[in-house]
Structures are given as structure tokens and as C-alpha cells.
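What follows is query_5.csv (CSV, C-alpha atoms and all ligand atoms).
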chain,number,residue,atom,x,y,z
A,56,MET,CA,-17.5,-7.7,-17.1
A,57,ALA,CA,-15.1,-4.9,-16.2
A,58,ASP,CA,-11.4,-5.6,-15.8
A,59,LYS,CA,-10.1,-5.9,-12.2
A,60,LEU,CA,-7.5,-3.4,-10.9
A,61,ILE,CA,-5.1,-5.2,-8.6
A,62,ILE,CA,-4.3,-3.3,-5.4
A,63,PHE,CA,-0.7,-4.0,-4.3
A,64,ASP,CA,0.0,-2.3,-0.9
A,65,THR,CA,3.6,-1.5,0.0
A,66,THR,CA,3.0,0.4,3.3
A,67,LEU,CA,5.1,-2.2,5.1
A,68,ARG,CA,8.0,-2.0,2.6
A,69,ASP,CA,8.3,1.3,0.7
A,70,GLY,CA,6.1,3.1,3.3
A,71,GLU,CA,8.4,2.0,6.0
A,72,GLN,CA,11.4,3.4,4.1
A,73,SER,CA,10.0,6.8,5.1
A,74,PRO,CA,12.5,8.3,7.6
A,75,GLY,CA,11.1,7.9,11.1
A,76,ALA,CA,8.4,5.4,10.1
A,77,SER,CA,10.0,2.2,11.1
A,78,MET,CA,7.7,-0.3,12.8
A,79,THR,CA,8.1,-3.3,15.1
A,80,ARG,CA,7.1,-6.8,14.1
A,81,GLU,CA,3.9,-6.6,16.2
A,82,GLU,CA,3.0,-3.3,14.6
A,83,LYS,CA,3.6,-4.7,11.2
A,84,ILE,CA,1.4,-7.7,11.9
A,85,ARG,CA,-1.5,-5.4,13.1
A,86,ILE,CA,-1.2,-3.4,9.9
A,87,ALA,CA,-1.0,-6.5,7.7
A,88,ARG,CA,-4.2,-7.8,9.4
A,89,GLN,CA,-5.9,-4.5,8.7
A,90,LEU,CA,-4.8,-4.6,5.1
A,91,GLU,CA,-6.3,-8.1,4.8
A,92,ARG,CA,-9.6,-6.7,6.2
A,93,LEU,CA,-9.3,-4.0,3.6
A,94,ARG,CA,-9.0,-6.8,1.1
A,95,VAL,CA,-5.9,-5.7,-0.7
A,96,ASP,CA,-4.8,-8.2,-3.3
A,97,VAL,CA,-1.1,-8.1,-2.5
A,98,ILE,CA,0.7,-7.1,0.8
A,99,GLU,CA,4.4,-6.3,0.2
A,100,ALA,CA,5.4,-7.2,3.8
A,101,GLY,CA,9.0,-6.1,3.6
A,102,PHE,CA,12.5,-6.7,2.2
A,103,ALA,CA,13.6,-10.0,3.7
A,104,ALA,CA,17.3,-9.6,3.1
A,105,ALA,CA,17.4,-6.1,4.5
A,106,SER,CA,17.7,-7.1,8.1
A,107,PRO,CA,16.9,-10.1,10.4
A,108,GLY,CA,14.0,-8.0,11.8
A,109,ASP,CA,12.5,-7.5,8.4
A,110,PHE,CA,12.9,-11.3,7.7
A,111,GLU,CA,11.1,-12.2,10.9
A,112,SER,CA,8.3,-9.7,10.2
A,113,ILE,CA,7.7,-11.1,6.8
A,114,LYS,CA,7.8,-14.7,8.2
A,115,SER,CA,5.2,-13.8,10.8
A,116,ILE,CA,2.9,-12.0,8.3
A,117,ALA,CA,3.2,-15.0,5.9
A,118,SER,CA,2.0,-17.3,8.6
A,119,VAL,CA,-1.1,-15.2,9.6
A,120,ILE,CA,-2.4,-13.8,6.4
A,121,LYS,CA,-4.7,-16.1,4.4
A,122,ASP,CA,-6.7,-14.0,2.0
A,123,SER,CA,-4.1,-11.7,0.4
A,124,THR,CA,-0.9,-12.6,-1.4
A,125,VAL,CA,2.2,-11.9,0.7
A,126,CYS,CA,5.2,-10.5,-1.1
A,127,SER,CA,8.8,-9.8,-0.3
A,128,LEU,CA,11.2,-7.5,-2.2
A,129,ALA,CA,14.5,-8.9,-3.3
A,130,ARG,CA,17.4,-7.4,-5.2
A,131,ALA,CA,18.3,-9.4,-8.3
A,132,ASN,CA,20.7,-11.8,-6.7
A,133,ASP,CA,20.4,-15.4,-5.4
A,134,ARG,CA,20.9,-14.6,-1.7
A,135,ASP,CA,18.2,-12.0,-1.6
A,136,ILE,CA,15.8,-14.2,-3.5
A,137,SER,CA,16.5,-17.2,-1.3
A,138,ARG,CA,15.9,-15.1,1.9
A,139,ALA,CA,12.6,-13.8,0.4
A,140,ALA,CA,11.5,-17.4,-0.5
A,141,GLU,CA,12.4,-18.6,3.0
A,142,ALA,CA,10.5,-15.8,4.8
A,143,LEU,CA,7.4,-16.4,2.6
A,144,SER,CA,7.3,-20.1,2.8
A,145,ALA,CA,4.3,-20.3,5.1
A,146,ALA,CA,2.1,-18.0,3.0
A,147,PRO,CA,-0.7,-19.8,1.1
A,148,ARG,CA,-0.1,-17.2,-1.7
A,149,ARG,CA,3.4,-15.8,-2.1
A,150,ARG,CA,5.1,-13.5,-4.5
A,151,ILE,CA,8.8,-12.7,-4.9
A,152,HIS,CA,9.4,-9.1,-6.2
A,153,THR,CA,12.8,-8.7,-7.7
A,154,PHE,CA,14.4,-5.6,-9.1
A,155,ILE,CA,17.4,-4.1,-10.7
A,156,ALA,CA,18.1,-0.6,-11.9
A,157,THR,CA,18.0,0.0,-15.7
A,158,SER,CA,18.6,3.7,-16.2
A,159,LYS,CA,22.0,4.8,-17.6
A,160,LEU,CA,22.6,6.9,-14.5
A,161,HIS,CA,21.9,4.1,-12.0
A,162,MET,CA,23.7,1.4,-14.0
A,163,GLU,CA,26.8,3.5,-14.4
A,164,LYS,CA,27.0,5.4,-11.1
A,165,LYS,CA,25.3,3.1,-8.6
A,166,LEU,CA,25.6,-0.4,-9.9
A,167,ARG,CA,28.8,0.1,-11.9
A,168,MET,CA,27.5,-2.5,-14.3
A,169,SER,CA,27.2,-2.5,-18.1
A,170,PRO,CA,23.7,-2.8,-19.6
A,171,GLU,CA,24.6,-6.4,-20.8
A,172,GLN,CA,25.5,-7.4,-17.2
A,173,VAL,CA,22.2,-5.9,-15.9
A,174,LEU,CA,20.2,-7.8,-18.6
A,175,GLU,CA,21.9,-11.0,-17.6
A,176,GLN,CA,21.4,-10.5,-13.9
A,177,ALA,CA,17.7,-9.8,-14.5
A,178,ARG,CA,17.3,-13.0,-16.5
A,179,LEU,CA,19.1,-15.1,-13.9
A,180,SER,CA,17.2,-13.7,-11.0
A,181,VAL,CA,13.8,-14.2,-12.5
A,182,ARG,CA,14.7,-17.7,-13.5
A,183,PHE,CA,16.0,-18.4,-9.9
A,184,ALA,CA,12.9,-16.9,-8.3
A,185,ARG,CA,10.6,-19.1,-10.4
A,186,GLN,CA,12.1,-22.1,-8.6
A,187,PHE,CA,10.3,-21.0,-5.5
A,188,THR,CA,6.9,-19.6,-6.8
A,189,ASP,CA,5.1,-19.1,-10.0
A,190,ASP,CA,4.2,-15.6,-8.9
A,191,VAL,CA,7.2,-13.5,-9.7
A,192,GLU,CA,7.2,-9.7,-10.2
A,193,PHE,CA,10.1,-7.8,-11.9
A,194,SER,CA,10.8,-4.1,-11.5
A,195,PRO,CA,13.3,-2.2,-13.6
A,196,GLU,CA,14.3,0.4,-10.9
A,197,ASP,CA,14.2,4.0,-12.2
A,198,GLY,CA,12.2,2.6,-15.1
A,199,SER,CA,10.6,6.0,-16.0
A,200,ARG,CA,14.1,7.4,-16.7
A,201,SER,CA,15.4,4.4,-18.5
A,202,ASP,CA,16.0,4.0,-22.3
A,203,VAL,CA,12.9,2.5,-23.8
A,204,ASP,CA,14.8,0.3,-26.3
A,205,PHE,CA,16.9,-1.2,-23.5
A,206,LEU,CA,13.8,-1.6,-21.3
A,207,CYS,CA,12.1,-3.5,-24.1
A,208,ARG,CA,15.0,-6.0,-24.2
A,209,VAL,CA,15.1,-6.5,-20.4
A,210,LEU,CA,11.3,-6.9,-20.1
A,211,GLU,CA,11.1,-9.3,-23.1
A,212,THR,CA,13.8,-11.4,-21.4
A,213,VAL,CA,12.2,-11.5,-17.9
A,214,ILE,CA,8.8,-12.4,-19.4
A,215,ALA,CA,10.4,-15.2,-21.3
A,216,GLU,CA,11.9,-16.4,-18.0
A,217,GLY,CA,8.4,-16.4,-16.4
A,218,ALA,CA,7.9,-13.0,-14.7
A,219,THR,CA,4.1,-12.7,-14.3
A,220,THR,CA,4.0,-9.1,-13.2
A,221,ILE,CA,6.0,-6.3,-14.8
A,222,ASN,CA,6.1,-3.1,-12.7
A,223,ILE,CA,7.4,0.2,-14.0
A,224,PRO,CA,8.7,2.3,-11.1
A,225,ASP,CA,8.8,6.1,-11.3
A,226,THR,CA,11.4,5.8,-8.6
A,227,VAL,CA,12.2,9.5,-8.2
A,228,GLY,CA,8.7,10.9,-8.9
A,229,TYR,CA,10.0,12.4,-12.2
A,230,GLY,CA,7.0,11.3,-14.3
A,231,ILE,CA,4.3,13.4,-15.9
A,232,PRO,CA,0.9,11.7,-16.4
A,233,GLU,CA,0.6,11.8,-20.2
A,234,GLN,CA,4.3,10.8,-20.6
A,235,TYR,CA,4.3,8.0,-18.0
A,236,GLY,CA,1.0,6.6,-19.3
A,237,ALA,CA,2.3,6.7,-22.9
A,238,MET,CA,5.6,5.0,-21.9
A,239,ILE,CA,3.7,2.1,-20.4
A,240,ARG,CA,1.5,1.8,-23.5
A,241,SER,CA,4.5,1.8,-25.8
A,242,LEU,CA,6.3,-0.9,-23.7
A,243,ARG,CA,3.1,-3.0,-23.8
A,244,GLU,CA,2.9,-2.6,-27.6
A,245,ARG,CA,6.6,-3.3,-28.3
A,246,VAL,CA,7.6,-6.0,-25.9
A,247,PRO,CA,6.9,-9.5,-27.4
A,248,ASN,CA,4.5,-11.5,-25.3
A,249,ALA,CA,3.6,-8.5,-23.2
A,250,ASP,CA,0.2,-9.9,-22.6
A,251,LYS,CA,1.6,-12.9,-20.7
A,252,ALA,CA,2.2,-10.5,-17.7
A,253,ILE,CA,0.1,-8.1,-15.7
A,254,TRP,CA,1.5,-4.6,-16.0
A,255,SER,CA,1.9,-2.5,-12.9
A,256,VAL,CA,2.6,1.1,-11.9
A,257,HIS,CA,4.6,2.3,-8.9
A,258,CYS,CA,4.9,6.0,-8.5
A,259,HIS,CA,6.5,8.4,-6.0
A,260,ASN,CA,5.1,11.8,-5.1
A,261,ASP,CA,8.1,14.2,-5.4
A,262,LEU,CA,6.1,16.5,-7.7
A,263,GLY,CA,2.8,15.7,-6.1
A,264,MET,CA,1.7,13.6,-9.1
A,265,ALA,CA,2.0,10.0,-7.9
A,266,VAL,CA,-1.8,9.4,-8.0
A,267,ALA,CA,-2.2,11.2,-11.3
A,268,ASN,CA,0.7,9.3,-12.8
A,269,SER,CA,-0.6,5.9,-11.5
A,270,LEU,CA,-4.1,6.6,-13.0
A,271,ALA,CA,-2.5,7.6,-16.3
A,272,GLY,CA,-0.6,4.4,-16.3
A,273,VAL,CA,-3.9,2.6,-15.9
A,274,MET,CA,-6.0,4.6,-18.4
A,275,ILE,CA,-3.4,5.4,-21.1
A,276,GLY,CA,-1.0,2.6,-20.5
A,277,GLY,CA,-3.3,-0.3,-19.7
A,278,ALA,CA,-1.7,-1.2,-16.4
A,279,ARG,CA,-3.9,-3.4,-14.2
A,280,GLN,CA,-2.0,-3.2,-10.9
A,281,VAL,CA,-1.3,-0.1,-8.8
A,282,GLU,CA,1.3,-0.1,-6.1
A,283,CYS,CA,0.4,2.2,-3.3
A,284,THR,CA,0.5,2.9,0.5
A,285,ILE,CA,-2.0,3.9,3.1
A,286,ASN,CA,-1.9,7.7,3.6
A,287,GLY,CA,0.6,7.9,0.7
A,288,LEU,CA,3.4,7.0,3.2
A,289,GLY,CA,6.8,6.5,1.6
A,290,GLU,CA,10.3,7.7,1.0
A,291,ARG,CA,10.7,11.5,0.6
A,292,ALA,CA,7.4,12.9,-0.5
A,293,GLY,CA,5.8,9.5,-0.3
A,294,ASN,CA,4.1,7.0,-2.7
A,295,THR,CA,0.8,6.8,-4.4
A,296,ALA,CA,-2.0,7.0,-1.8
A,297,LEU,CA,-4.1,3.8,-1.8
A,298,GLU,CA,-7.3,5.6,-0.6
A,299,GLU,CA,-7.1,8.1,-3.4
A,300,VAL,CA,-6.7,5.6,-6.2
A,301,VAL,CA,-9.4,3.3,-4.9
A,302,MET,CA,-11.9,6.1,-4.4
A,303,ALA,CA,-11.1,7.7,-7.7
A,304,VAL,CA,-11.7,4.4,-9.5
A,305,LYS,CA,-14.9,3.7,-7.6
A,306,THR,CA,-16.4,7.2,-7.7
A,307,ARG,CA,-15.6,7.6,-11.4
A,308,LYS,CA,-16.4,4.1,-12.5
A,309,ASP,CA,-18.2,5.7,-15.4
A,310,HIS,CA,-14.7,6.7,-16.6
A,311,PHE,CA,-12.4,4.0,-15.4
A,312,LYS,CA,-14.7,1.1,-16.0
A,313,LEU,CA,-12.7,-1.1,-13.6
A,314,ASP,CA,-13.5,-3.2,-10.5
A,315,VAL,CA,-11.5,-3.1,-7.3
A,316,GLY,CA,-11.9,-5.7,-4.6
A,317,ILE,CA,-11.3,-3.3,-1.7
A,318,ASP,CA,-13.8,-3.0,1.3
A,319,THR,CA,-13.8,0.8,1.3
A,320,THR,CA,-15.3,0.9,4.8
A,321,GLN,CA,-12.0,-0.3,6.1
A,322,ILE,CA,-10.1,2.7,4.6
A,323,VAL,CA,-10.4,5.1,7.5
A,324,PRO,CA,-9.5,2.5,10.2
A,325,ALA,CA,-6.5,1.6,8.1
A,326,SER,CA,-5.5,5.2,7.8
A,327,LYS,CA,-5.8,5.8,11.6
A,328,LEU,CA,-3.9,2.7,12.4
A,329,VAL,CA,-1.0,3.5,10.2
A,330,SER,CA,-0.9,7.1,11.4
A,331,GLN,CA,-1.0,6.0,15.1
A,332,ILE,CA,1.7,3.4,14.7
A,333,THR,CA,4.1,5.6,12.7
A,334,GLY,CA,3.3,8.8,14.5
A,335,PHE,CA,2.8,10.5,11.0
A,336,ALA,CA,-0.3,12.7,11.3
A,337,VAL,CA,-2.7,12.9,8.4
A,338,GLN,CA,-3.1,16.5,7.2
A,339,PRO,CA,-6.7,17.7,7.8
A,340,ASN,CA,-7.4,18.5,4.2
A,341,LYS,CA,-6.0,15.2,2.9
A,342,ALA,CA,-8.4,13.6,0.3
A,343,VAL,CA,-10.6,10.8,1.7
A,344,VAL,CA,-8.9,10.3,5.1
A,345,GLY,CA,-8.3,13.9,6.3
A,346,ALA,CA,-10.4,15.0,9.3
A,347,ASN,CA,-12.0,17.8,7.1
A,348,ALA,CA,-12.5,15.6,4.0
A,349,PHE,CA,-16.2,15.5,4.6
A,350,ALA,CA,-16.7,18.6,6.8
A,351,HIS,CA,-18.8,21.4,5.6
A,352,ALA,CA,-18.1,24.7,7.2
A,353,SER,CA,-19.7,27.3,4.9
A,354,GLY,CA,-23.4,28.1,5.5
A,355,ILE,CA,-24.2,27.7,1.8
A,356,HIS,CA,-22.6,24.2,1.7
A,357,GLN,CA,-24.2,23.2,5.0
A,358,ASP,CA,-27.6,24.3,3.7
A,359,GLY,CA,-27.1,22.4,0.4
A,360,VAL,CA,-25.9,19.2,2.1
A,361,LEU,CA,-28.9,19.2,4.4
A,362,LYS,CA,-31.3,19.5,1.4
A,363,ALA,CA,-29.5,16.9,-0.7
A,364,ARG,CA,-26.1,15.4,0.2
A,365,ASP,CA,-24.8,15.1,-3.3
A,366,THR,CA,-24.9,18.9,-3.8
A,367,TYR,CA,-21.5,19.0,-2.2
A,368,GLU,CA,-20.5,15.4,-1.6
A,369,ILE,CA,-19.2,13.1,-4.3
A,370,MET,CA,-18.6,10.2,-1.8
A,371,ARG,CA,-20.3,9.1,1.4
A,372,ALA,CA,-18.2,9.5,4.5
A,373,GLU,CA,-19.6,6.2,5.8
A,374,ASP,CA,-18.6,4.4,2.6
A,375,VAL,CA,-14.9,5.0,3.5
A,376,GLY,CA,-15.3,4.2,7.1
A,377,TRP,CA,-16.0,7.5,8.8
A,378,THR,CA,-18.6,6.8,11.5
A,379,ALA,CA,-21.6,9.1,11.3
A,380,ASN,CA,-23.3,10.3,14.5
A,381,LYS,CA,-20.4,9.3,16.6
A,382,ILE,CA,-21.1,8.2,20.2
A,383,VAL,CA,-18.9,10.4,22.4
A,384,LEU,CA,-17.0,8.2,24.8
A,385,GLY,CA,-16.5,9.3,28.4
A,386,LYS,CA,-16.7,8.0,31.9
A,387,LEU,CA,-20.4,6.9,31.6
A,388,SER,CA,-19.7,4.8,28.5
A,389,GLY,CA,-20.1,1.0,28.8
A,390,ARG,CA,-17.9,-1.9,27.7
A,391,ASN,CA,-20.0,-2.4,24.5
A,392,ALA,CA,-19.6,1.1,23.2
A,393,PHE,CA,-15.9,0.8,23.9
A,394,LYS,CA,-15.6,-2.5,22.1
A,395,GLN,CA,-17.5,-1.2,19.1
A,396,ARG,CA,-15.1,1.8,18.9
A,397,LEU,CA,-12.2,-0.6,18.9
A,398,GLU,CA,-13.7,-2.5,16.0
A,399,GLU,CA,-14.3,0.8,14.1
A,400,LEU,CA,-10.7,1.7,14.6
A,401,GLY,CA,-9.5,-1.7,13.2
A,402,ILE,CA,-8.1,-2.7,16.6
A,403,GLU,CA,-8.3,-6.5,17.3
A,404,LEU,CA,-7.4,-7.5,20.8
A,405,GLU,CA,-6.4,-11.1,21.2
A,406,SER,CA,-8.7,-12.1,24.1
A,407,GLU,CA,-11.6,-10.9,26.2
A,408,GLN,CA,-9.1,-10.4,29.1
A,409,GLU,CA,-7.2,-7.9,26.9
A,410,VAL,CA,-10.5,-6.1,26.2
A,411,ASN,CA,-11.2,-6.0,29.9
A,412,ALA,CA,-7.7,-4.7,30.7
A,413,ALA,CA,-8.0,-2.0,28.0
A,414,PHE,CA,-11.5,-1.1,29.2
A,415,ALA,CA,-10.2,-0.7,32.8
A,416,ARG,CA,-7.5,1.7,31.6
A,417,PHE,CA,-10.1,3.6,29.5
A,418,LYS,CA,-12.2,4.1,32.7
A,419,GLU,CA,-9.2,5.4,34.6
A,420,LEU,CA,-8.5,7.8,31.8
A,421,ALA,CA,-12.1,8.9,31.6
A,422,ASP,CA,-12.0,9.9,35.3
A,423,ARG,CA,-9.3,12.4,34.4
A,424,LYS,CA,-10.5,13.5,30.9
A,425,ALA,CA,-14.1,14.6,29.9
A,426,GLU,CA,-14.0,13.2,26.4
A,427,ILE,CA,-11.9,10.3,25.1
A,428,PHE,CA,-10.8,10.7,21.5
A,429,ASP,CA,-9.8,7.9,19.0
A,430,GLU,CA,-6.2,8.9,19.5
A,431,ASP,CA,-6.5,8.3,23.2
A,432,ILE,CA,-7.9,4.8,22.6
A,433,MET,CA,-5.2,4.0,20.2
A,434,ALA,CA,-2.5,5.1,22.6
A,435,LEU,CA,-4.2,3.2,25.4
A,436,VAL,CA,-4.4,0.0,23.4
A,437,SER,CA,-0.8,0.2,22.3
A,438,ASP,CA,0.2,0.6,25.9
A,439,GLU,CA,-1.8,-2.5,26.6
A,440,GLN,CA,0.0,-4.4,23.8
A,441,HIS,CA,3.4,-3.2,24.9
A,442,SER,CA,2.8,-4.5,28.4
A,443,HIS,CA,2.7,-8.1,27.1
B,501,LIG,O1,10.6,3.1,-6.2
B,501,LIG,C1,11.2,2.0,-6.6
B,501,LIG,O2,11.9,2.0,-7.6
B,501,LIG,C2,10.9,0.9,-5.8
B,501,LIG,C3,11.3,-0.4,-6.4
B,501,LIG,C4,12.1,-1.3,-5.6
B,501,LIG,C5,10.1,-1.1,-6.9
B,501,LIG,O3,10.4,0.9,-4.7
B,502,ZN,ZN,9.3,2.9,-4.5
This structure in C-alpha cells:
Amino acid sequence: MADKLIIFDTTLRDGEQSPGASMTREEKIRIARQLERLRVDVIEAGFAAASPGDFESIKSIASVIKDSTVCSLARANDRDISRAAEALSAAPRRRIHTFIATSKLHMEKKLRMSPEQVLEQARLSVRFARQFTDDVEFSPEDGSRSDVDFLCRVLETVIAEGATTINIPDTVGYGIPEQYGAMIRSLRERVPNADKAIWSVHCHNDLGMAVANSLAGVMIGGARQVECTINGLGERAGNTALEEVVMAVKTRKDHFKLDVGIDTTQIVPASKLVSQITGFAVQPNKAVVGANAFAHASGIHQDGVLKARDTYEIMRAEDVGWTANKIVLGKLSGRNAFKQRLEELGIELESEQEVNAAFARFKELADRKAEIFDEDIMALVSDEQHSH
């Protein structure tokens, strides 16, 4: 049987750190529900100690999500870890993700701590986090720019304290695929008891290599968890894009030989939901979820695709949730067609009354506008949700 690749989604934590992408608690819950439908293994719901709002959002998500593990980030100190544990307490499966920087630059200039102090802090925080859950993840921040000998000591220590996932962040997107992959392999070879933990990759896209670096971490390094976000949302140039990693591993299973538990038909609804909530448009030529990702404009390509789809298509649009032969919604459309489009867009209204109210607004809009687009429906539904 093929190994499983764990998909850890951090749209609600690292994605939200993107300037201008902050979300309300209700919006976060809608996204978390969609991530659960997508069947991500882990949802990093936020950073509990960052603000009372973040704490409440994690708490609400922990109480509604049943199938995915819910995780909170925490700096390596008792207060952050206690807040994370408290916010997560209702979740059937919960993870505390604690981190501390390990690069010389960050330790000296940001933390103003010696390497020995950082090592001790890492040890104590993993030990403390284990009192609340047996699912503890540790990240050495700026890991890809850290000294490998020092990293080995820190990682050996946290595994001995019970960390079950070891995540190596390429915090500033400095990594290069071969180098980053080799670094993870070397850590896994050198750290005693490395196989007691699942190794994870977390990459940023500053040089446009987040997906390539993550996949190198998997193939060269042997990582079995990828941290990623919907649409690659995230600080600065963003994080590893979930949809690209998942479809690469699925489409090239001959190469990766890994299983992913994702329901890929939920990818496009997830992408649209995140884009609509954050207001961050998806570029048309974005892999997998861009509006043109499956469009064929040239005559030769159109002719080829009509004769045999795989002449120019390596994936099926419907497999990632694009709906073929779309029904055009307008003033003559009925409630069922409207309801079906809501489902396709990953929108779950709480009651039939809400559906009726949204449908009435849709009809009003349709009187003024010949064709109603998905964006119109999303705006209309979010108005509906705000009115509560
Ligand atoms: O990029 C980073 O270093 C992070 C850590 C907190 C995991 O997001
Ligand atoms: Zn990050």
C-alpha cells in the first residue's frame, strides 16, 4: 500500500496573515466547514493567543469540526500553549503546534536568546503541550536557514519530549528544491529516533518555489505532511498552494506513489469561497483553480480536445470541481437550480428559510441583470448571512 501524504491546511492561520485577508469568525467557520468537506487531515484554525477574536474562532471551529484534526499555533511558552489547549478543548481531534526560531539571525536579533536558551524553551514547551494532547507538532522557525547541527540537537530533544510531527519551515521562501529536500533527508538520517515523528514541510513562495520545495521535501526528504493554503494565500508572496500539491501528487501518482485523502471535487468550491471571503481574486492562469486552467482557445487545441480530451488535458475539470455544461442562472431559473448552484459553490445555508430568503434576493437581482454569475450569488449569500 502507498504511504499517505497528510494535508495540513493553514489558510485560516498563515493564510490570514496575508495583509488584507483577515476574516470574521463566521467566515472562518464557513471556510473550516468547506475544508472538512474537502477532507483535509488537519485544519490549523488560528493562533489562539494572538487575539480574543482568534481564540473565539478556534473555539467555534473546534466545536463544529468532527472529521479533521483542529490545530492552533502557539509560541513556545506556557501561556500560548494553555490558550491553544483551552480553545481546542471541544475538538474530537486536536493538535497543538508550537514553534520557536532556531536560525542564528532570528535567535540573536529577534529573540535575543542564546542557542542553549532556545533549546531549553523548545524542550519545556513540548513537554508542557503534551499534558493537553498527545498530538504535538514542533516547528523550528526559519528552519531552512538554521545550522543543521543545532537543528539536530533541538529536534532530537523535542522528539524525546513527545513531539509527534516535526515541521521544517522555509519561513522566508529562501529554499531551493534540491537543497531543501536534501536538508530534510539529512535531518531524518541524523536525528536519533527520527522515525518516531512524521516529518512535515512548510514553504513560502517568495521565489515562486513553494510548491516545488514542498514536493522536493516529500520526494527527496521523505516528508509525509505538507502544510499549505487554498489558492496559495499567505504572508508576502503566499504559501504552498494546496490545490497544486494535491493535483500534482494525484496526476503523477506514477512518480509520487502516495495517497492523499482529499475529495478533489471540493477544490474549486473551496477556492471560490476563500477568494470571495478575502476579496483576493484568483489569477485567470492560476494552475487548477484559475478561470482559464481548463480553457482551450487555440483552434488546434480545441480540435484536439474534441477528438480526445487527453491530447491537451492532463486533469479533468470536473475532477477538481469545475462544473461542466453550466446551467446559466437568470430570472427564469427555479429554486432547485439555485439550490444546486449553492451546493456547487460550497455554500451551506442553515435553514430552508435562509434558502428562501436568498432565492428571493436572487430573483430581485435577476430582474435587473440578464445573467447571474457565481460571484453575484456569493455576494448575495454573504449579504444574507450579514443580515442575521
Ligand atoms: O513560516 C513559518 O515559519 C511559520 C511557522 C510558525 C510554522 O508559519
Ligand atoms: Zn509560514
Counting all atoms listed in the file, which residues of chain A sit at most 7 Å from some atom of ligand LIG 501 (chain B), and what is each one's closest atom pair with its distance in Å to one decimal, listed by chain and rising residue number, as JSON lines?
{"residue": "A:Asp69", "atom": "CA", "partner": "B:LIG501", "partner_atom": "O3", "distance": 5.8}
{"residue": "A:Phe154", "atom": "CA", "partner": "B:LIG501", "partner_atom": "C4", "distance": 6.0}
{"residue": "A:Ser194", "atom": "CA", "partner": "B:LIG501", "partner_atom": "C5", "distance": 5.5}
{"residue": "A:Glu196", "atom": "CA", "partner": "B:LIG501", "partner_atom": "O2", "distance": 4.4}
{"residue": "A:Asp197", "atom": "CA", "partner": "B:LIG501", "partner_atom": "O2", "distance": 5.5}
{"residue": "A:Pro224", "atom": "CA", "partner": "B:LIG501", "partner_atom": "O2", "distance": 4.8}
{"residue": "A:Asp225", "atom": "CA", "partner": "B:LIG501", "partner_atom": "O1", "distance": 6.2}
{"residue": "A:Thr226", "atom": "CA", "partner": "B:LIG501", "partner_atom": "O1", "distance": 3.7}
{"residue": "A:Val227", "atom": "CA", "partner": "B:LIG501", "partner_atom": "O1", "distance": 6.9}
{"residue": "A:His257", "atom": "CA", "partner": "B:LIG501", "partner_atom": "O1", "distance": 6.6}
{"residue": "A:Cys258", "atom": "CA", "partner": "B:LIG501", "partner_atom": "O1", "distance": 6.8}
{"residue": "A:His259", "atom": "CA", "partner": "B:LIG501", "partner_atom": "O1", "distance": 6.7}
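Around A:Glu398, within 9 Å and counting all atoms listed in the file, the residues found are Pro324, Phe393 and Glu403 of chain A, once anything fewer than 5 positions away on its own chain is removed.
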Could you save those same residues with C-alpha atoms as a PDB file, keeping the file's coordinate frame?
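Final file, part-v5.pdb:
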ATOM      1  CA  PRO A 324      -9.500   2.500  10.200  1.00  0.00           C
ATOM      2  CA  PHE A 393     -15.900   0.800  23.900  1.00  0.00           C
ATOM      3  CA  GLU A 403      -8.300  -6.500  17.300  1.00  0.00           C
TER       4      GLU A 403
END
Restricting to all atoms listed in the file, whichever of A:Gly316, A:Gln176, A:Val209, A:Ala218 is closest to A:Asp122 is A:Gly316
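Checking A:Ile86, A:Met168, A:Met302, A:Val360 one by one against A:Gln331, counting all atoms listed in the file, you find the shortest gap at A:Ile86.
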Atom CA of A:Arg149 sits from atom CA of A:Lys121 at a separation of 10.4 Å
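Closest to A:Val300 among A:Leu270, A:Leu288, A:Leu384, A:Val323 is A:Leu270, based on only C-alpha atoms.
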Report task. For A:Gly263, list every protein, DNA or RNA residue within 12 Å, evaluated using all atoms listed in the file, and leave out those in the same chain fewer than 4 positions away; present the list as a count of residues only. Result -> 18
Among A:Glu290, A:Asp58, A:Glu299, A:Glu426, ligand ZN 502 (chain B) is approached most closely, using all atoms listed in the file, by A:Glu290
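For the pair atom CA of A:Val181 and atom CA of A:Arg134, the separation is 12.9 Å.
Our summary of the geometry notes that atom CA of A:Asn340 is positioned 23.7 Å from atom CA of A:Ala271.
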Exercise for review: Considering only C-alpha atoms, return as a PyMOL selection string whatever protein or nucleic-acid residues lie within 10 Å of A:Asp109, sequence-local ones (same chain, fewer than 4 positions apart) excluded.
Suggested key: chain A and resi 67-68+78-80+83+100-105+113-115+127+142
Residues from the last selection, C-alpha atoms, saved as an mmCIF file, in the coordinates of the input:
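Result written to out37.cif:
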data_model
loop_
_atom_site.group_PDB
_atom_site.id
_atom_site.type_symbol
_atom_site.label_atom_id
_atom_site.label_comp_id
_atom_site.auth_asym_id
_atom_site.auth_seq_id
_atom_site.Cartn_x
_atom_site.Cartn_y
_atom_site.Cartn_z
ATOM 1 C CA LEU A 67 5.100 -2.200 5.100
ATOM 2 C CA ARG A 68 8.000 -2.000 2.600
ATOM 3 C CA MET A 78 7.700 -0.300 12.800
ATOM 4 C CA THR A 79 8.100 -3.300 15.100
ATOM 5 C CA ARG A 80 7.100 -6.800 14.100
ATOM 6 C CA LYS A 83 3.600 -4.700 11.200
ATOM 7 C CA ALA A 100 5.400 -7.200 3.800
ATOM 8 C CA GLY A 101 9.000 -6.100 3.600
ATOM 9 C CA PHE A 102 12.500 -6.700 2.200
ATOM 10 C CA ALA A 103 13.600 -10.000 3.700
ATOM 11 C CA ALA A 104 17.300 -9.600 3.100
ATOM 12 C CA ALA A 105 17.400 -6.100 4.500
ATOM 13 C CA ILE A 113 7.700 -11.100 6.800
ATOM 14 C CA LYS A 114 7.800 -14.700 8.200
ATOM 15 C CA SER A 115 5.200 -13.800 10.800
ATOM 16 C CA SER A 127 8.800 -9.800 -0.300
ATOM 17 C CA ALA A 142 10.500 -15.800 4.800
#
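Nearest-residue note for ligand ZN 502 (chain B): choosing from A:Leu179, A:Cys283, A:Ala325, A:Ala156, the minimum distance belongs to A:Cys283, counting all atoms listed in the file.
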Please rebuild stretch 151-158 of chain A with N, CA and C atoms and give the result as a compact mmCIF listing (two decimals), keeping the file's coordinate frame.
# COMPACT_ATOMS: atom_id res chain seq x y z
N ILE A 151 7.44 -13.24 -5.07
CA ILE A 151 8.80 -12.70 -4.90
C ILE A 151 8.86 -11.50 -5.93
N HIS A 152 9.28 -10.35 -5.41
CA HIS A 152 9.40 -9.10 -6.20
C HIS A 152 10.85 -8.77 -6.34
N THR A 153 11.42 -9.02 -7.51
CA THR A 153 12.80 -8.70 -7.70
C THR A 153 13.06 -7.54 -8.57
N PHE A 154 14.14 -6.80 -8.30
CA PHE A 154 14.40 -5.60 -9.10
C PHE A 154 15.83 -5.32 -9.31
N ILE A 155 16.09 -4.57 -10.40
CA ILE A 155 17.40 -4.10 -10.70
C ILE A 155 17.30 -2.79 -11.49
N ALA A 156 18.20 -1.84 -11.23
CA ALA A 156 18.10 -0.60 -11.90
C ALA A 156 18.45 -0.67 -13.40
N THR A 157 17.73 0.07 -14.23
CA THR A 157 18.00 0.00 -15.70
C THR A 157 18.28 1.35 -16.32
N SER A 158 18.25 2.44 -15.53
CA SER A 158 18.60 3.70 -16.20
C SER A 158 20.10 3.83 -16.30
